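J.: First the structure, then my questions, so here it is.
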Amino acid sequence: MADFRDSVRFAYQSLYSLHTGEAVAVEALAGTSGRSPQEVLGHAREQGRLIEADVALAAAAVEQEARAPTLLPLHVNLLAITIAADRSAMRPLLETMEWAGRRTSQVVIEIGPPYTQAEPNRLIAGVAWLRELGFQVAFDGLGSGDLPLGLLTATPIDVLKLDRSVIGALPSGVTSAAMVRSLLHVCSHTGARLVATGVSTEEEFSAAREAGIRLLQGPLLDADAGSLALRATLSAPRQENAALSSFGIPTVADFIRPAVTLRADATCDDARNALAADDQPHALVGLDPAGRPQWTVDKSRFLLALSGRYGHALHAGKPAATFADQPHTVPAGAGALDLLDVVASAEANRMHDDIVVIGQDGVCLGVVRVAEVVRGVAEAKVEEAASLHPITGLPSSATIVKDVERRILVGQPFIAACLDIDEFKQVNNEIGFDAGDELIRSLGQTLTELAGQLPKMTVSHVGGDDFLIAADMDEIGTLAPALLDSPWTVEGMTVSLTLAGLTCAPGTVSSYHQVSRELARLKQRAKSIAGSSWILGRPGVERIDVLRGRLEQGAGQGAA
């Protein structure tokens with residue numbers, strides 16, 4: 001079926017990572033000119049040569065990509081019945097890959113419907129064989145085709161691709177969102193990655209991102225692939241639970257080291273000489289004239305490729321890019337946990353590769369080593385866990401100290417607040433310490449949930465029934481009613497809460513010490529209000545705003 005290989009034109013659509021904002025793979029799809037794969041396969045089916053044509057199309061996709069190689073992993077499509085066929089049918093694809101210099105680890109076989117036409121046991125054996133050869137395997141068309149759930153449980157795969165119809169229903173579909181969450185749960189336990197396909201609108205993009213999908217492809221992304229704004233949107237850091245963040249988890253900047261770089265057109269001999277330098281680099285980074293990373297060369301894999309008897313003689317003058325990989329990159333401002341997500345989604349043989357750190361303009365700023373990041377995050381997590389309150393699991397006052405000092409430093413307006421239970425001592429004395437602990441635990445859980453909803457909120461449990469909170473100005477309107485509108489009871493005893501907030505405009509406070517002193521003053525004012533209370537004050541200003549409750553006579557005049 002080689003007669004059609006020059007008449008079919010493929011377009012190569014990128015898959016983008018939300019962790020980095022970069023393309024991490026390309027998929028060979030039907031182009032805008034020439035015969036479509038669907039036409040070729042339909043004609044071949046009539047001739048009884050469907051499997052032969054299917055493999056020939058995949059080989060043609062590899063051949064055409066090799067004429068303008070991307071260095072990215074390549075996704076090619078095959079029918080389920082082809083995977084279940086005799087293994088000799090795959091020979092044309094394997095021969096084309098050898099001609100093109102494509103390694104199996106750099107090719108993802110996307111298996112597509114109809115699945116039920118393939119004999120199940122042969123399909124399972126075919127998938128296992130492909131993975132033994134080093135291919136990554138994806139199931140395509142999930143959500144619209146006839147993919148049996150039993151096949152997902154019987155066959156280990158690397159990628160699940162959601163059909164465009166599922167993504168299109170995400171912005172308004174509760175059922176679609178629930179299905180995505182379930183699949184993400186499956187993927188988290190199997191090591192597979194979930195991909196949203198056909199993303200064509202900003203609403204679909206936002207919905208897929210909110211659902212937790214981290215790999216996307218579609219017309220929207222390809223249309224703006226060169227946009228720095230899009231890359232910034234793609235790679236914007238995830239909002240972690242502010243209640244559980246102590247601002248002690250390191251960032252990429254804490255681990256950056258100088259990169260050993262070459263020009264993108266450097267030869268293998270140039271690379272070998274650089275790797276033999278005194279500092280013994282782990283990897284090399286190939287840069288374009290603007291300083292943007294184009295490829296990376298891992299020392300071990302590169303030297304192994306040139307280790308044959310005539311390896312140096314054969315390859316010395318060839319481009320180093322021949323043995324290079326697409327660089328794994330992270331923005332300079334990314335957190336270390338974001339970097340680890342990039343590593344977790346990498347191919348198995350590249351999980352320990354150095355990561356290239358880039359600025360907003362895409363220029364290489366240096367590299368980080370995965371082992372150092374893992375060690376740093378582990379140490380930070382141990383320190384964080386040691387500081388968490390044993391009842392609520394919330395961090396200590398050090399969290400608020402760092403957050404408030406940061407907000408003051410950058411000139412950000414914010415509200416600092418203290419929260420406590422008015423009758424807590426009475427609960428301990430009359431009902432028991434266990435009831436007091438349960439009340440504290442319940443309040444801590446509510447604060448944790450609120451911190452998950454309010455991305456700029458930070459909370460600390462400083463001991464006993466005392467909590468400290470820092471939040472953006474617009475978040476206090478959600479925070480206060482959530483805490484005060486519902487009655488708090490423990491074993492039939494109703495208790496009230498006191499919430500005293502300090503409105504801090506830029507330049508009005510100079511340190512956390514000043515904030516804590518002002519909060520102590522406001523707390524005493526709020527305690528003079530019977531029942532649950534909420535007051536707001538300003539640094540150095542005697543007047544307060546009473547937003548919940550009423551001050552007793554002689555306690556100071558406030559605005560009701």
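By order in the structure tokens, chains are A, B, ...; within a chain, residues start at 1; ligands start at 1, following the order shown.
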List the neighbours of Phe424 in chain A out to 9 Å using only C-alpha atoms; skip same-chain residues closer than 6 positions along the sequence, and give me the result as a list in words.
T.: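 After dropping sequence-adjacent residues, the list is Gly436, Leu439, Gly464, Asp465 and Val495 of chain A.
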J.: I'd like the neighbourhood of Glu203 in chain A as a ChimeraX atom specification, where a residue qualifies if any of its atoms comes within 9 Å (using only C-alpha atoms), though same-chain residues fewer than 5 positions away should be ignored.
T.: /A:168,170-171,208
J.: Just C-alpha atoms for this one: save the residues we selected as a PDB file, in the first residue's frame.
T.:
ATOM      1  CA  GLY A 168     -17.011  20.200  24.855  1.00  0.00           C
ATOM      2  CA  LEU A 170     -17.144  20.106  30.477  1.00  0.00           C
ATOM      3  CA  PRO A 171     -18.011  23.819  30.883  1.00  0.00           C
ATOM      4  CA  ALA A 208     -10.357  21.227  31.560  1.00  0.00           C
TER       5      ALA A 208
END
J.: Would you compute the distance between CA of His352 in chain A and CA of Asp298 in chain A? Give it in Å to one decimal.
T.: 9.6 Å
J.: Determine, for each residue of range 19-64 of chain A having at least one atom at most 9 Å from an atom of range 100-114 of chain A, the closest pair of atoms and their separation in Å to one decimal, counting only C-alpha atoms; order by chain and ascending number, as a Markdown table.
T.:
| residue | atom | partner | partner_atom | distance |
| --- | --- | --- | --- | --- |
| A:Glu27 | CA | A:Val108 | CA | 8.8 |
| A:Val62 | CA | A:Ala100 | CA | 7.4 |
| A:Glu63 | CA | A:Ala100 | CA | 6.6 |
J.: Counting only C-alpha atoms, what is within 9 Å of Ile469 in chain A, bar same-chain residues fewer than 5 positions away, as a list in words?
T.: Ile400, Ile415, Ala416, Ala417, Cys418, Leu419, Met457, Thr458, Val459, Ser460 and Gly501 of chain A
J.: Only C-alpha atoms, please: the residues just picked out, written as a PDB file, in the first residue's frame.
T.:
ATOM      1  CA  ILE A 400       1.273  33.999  59.025  1.00  0.00           C
ATOM      2  CA  ILE A 415      -6.593  41.933  56.002  1.00  0.00           C
ATOM      3  CA  ALA A 416      -5.047  40.205  59.021  1.00  0.00           C
ATOM      4  CA  ALA A 417      -7.471  38.702  61.523  1.00  0.00           C
ATOM      5  CA  CYS A 418      -7.559  36.749  64.745  1.00  0.00           C
ATOM      6  CA  LEU A 419     -10.302  34.238  65.506  1.00  0.00           C
ATOM      7  CA  MET A 457      -6.039  33.143  52.251  1.00  0.00           C
ATOM      8  CA  THR A 458      -3.533  31.808  54.785  1.00  0.00           C
ATOM      9  CA  VAL A 459      -4.438  30.427  58.207  1.00  0.00           C
ATOM     10  CA  SER A 460      -2.461  29.325  61.261  1.00  0.00           C
ATOM     11  CA  GLY A 501      -9.712  42.053  61.530  1.00  0.00           C
TER      12      GLY A 501
END
J.: Identify, on the basis of only C-alpha atoms, every residue whose closest approach to Leu216 in chain A does not exceed 6 Å; exclude the query and any residue fewer than 6 positions from it along the same chain; express the result as a ChimeraX atom specification.
T.: /A:15-16,195-196
J.: Could I get the residues of range 65-140 of chain A with an atom no further than 12 Å from an atom of range 154-164 of chain A, each paired with its nearest atom pair and that distance in Å to one decimal, using only C-alpha atoms, sorted by chain and residue number, as a tab-separated table?
T.:
residue	atom	partner	partner_atom	distance
A:His75	CA	A:Val159	CA	10.7
A:Ser105	CA	A:Asp158	CA	11.6
A:Val107	CA	A:Asp158	CA	11.6
A:Val108	CA	A:Val159	CA	8.7
A:Ile109	CA	A:Val159	CA	9.6
A:Glu110	CA	A:Val159	CA	8.5
A:Ile111	CA	A:Leu160	CA	9.9
A:Gly112	CA	A:Lys161	CA	9.9
A:Pro113	CA	A:Asp163	CA	11.4
A:Pro120	CA	A:Ala154	CA	9.7
A:Asn121	CA	A:Ala154	CA	9.5
A:Arg122	CA	A:Thr155	CA	11.4
A:Leu123	CA	A:Thr155	CA	9.0
A:Ile124	CA	A:Thr155	CA	5.9
A:Ala125	CA	A:Thr155	CA	8.7
A:Gly126	CA	A:Thr155	CA	9.9
A:Val127	CA	A:Thr155	CA	7.2
A:Ala128	CA	A:Thr155	CA	7.5
A:Trp129	CA	A:Thr155	CA	11.2
A:Leu130	CA	A:Ile157	CA	10.3
A:Arg131	CA	A:Ile157	CA	8.4
A:Glu132	CA	A:Pro156	CA	11.5
A:Gly134	CA	A:Asp158	CA	11.5
A:Phe135	CA	A:Asp158	CA	9.5
A:Gln136	CA	A:Asp158	CA	5.9
A:Val137	CA	A:Asp158	CA	5.4
A:Ala138	CA	A:Val159	CA	4.4
A:Phe139	CA	A:Leu160	CA	5.2
A:Asp140	CA	A:Lys161	CA	4.9
J.: To one decimal in Å, tell me the separation between CA of Arg257 in chain A and CA of Val297 in chain A.
T.: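 One can read the CA of Arg257 in chain A to CA of Val297 in chain A distance as 16.6 Å.
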J.: Return as a ChimeraX atom specification the full set of residues in range 150-196 of chain A whose backbone-based DSSP assignment is strand (DSSP E or B).
T.: /A:159-162,193-196
J.: Give me a file of those residues, with C-alpha atoms, as a short mmCIF file (atom, residue, chain, number, x, y, z; two decimals), in the first residue's frame.
T.:
data_model
loop_
_atom_site.label_atom_id
_atom_site.label_comp_id
_atom_site.auth_asym_id
_atom_site.auth_seq_id
_atom_site.Cartn_x
_atom_site.Cartn_y
_atom_site.Cartn_z
CA VAL A 159 -1.99 7.77 28.08
CA LEU A 160 -5.78 8.10 28.06
CA LYS A 161 -7.20 10.58 25.55
CA LEU A 162 -10.61 12.07 26.21
CA ARG A 193 -1.70 10.53 31.90
CA LEU A 194 -5.04 12.04 30.90
CA VAL A 195 -5.21 14.25 27.80
CA ALA A 196 -7.98 16.64 26.78
#
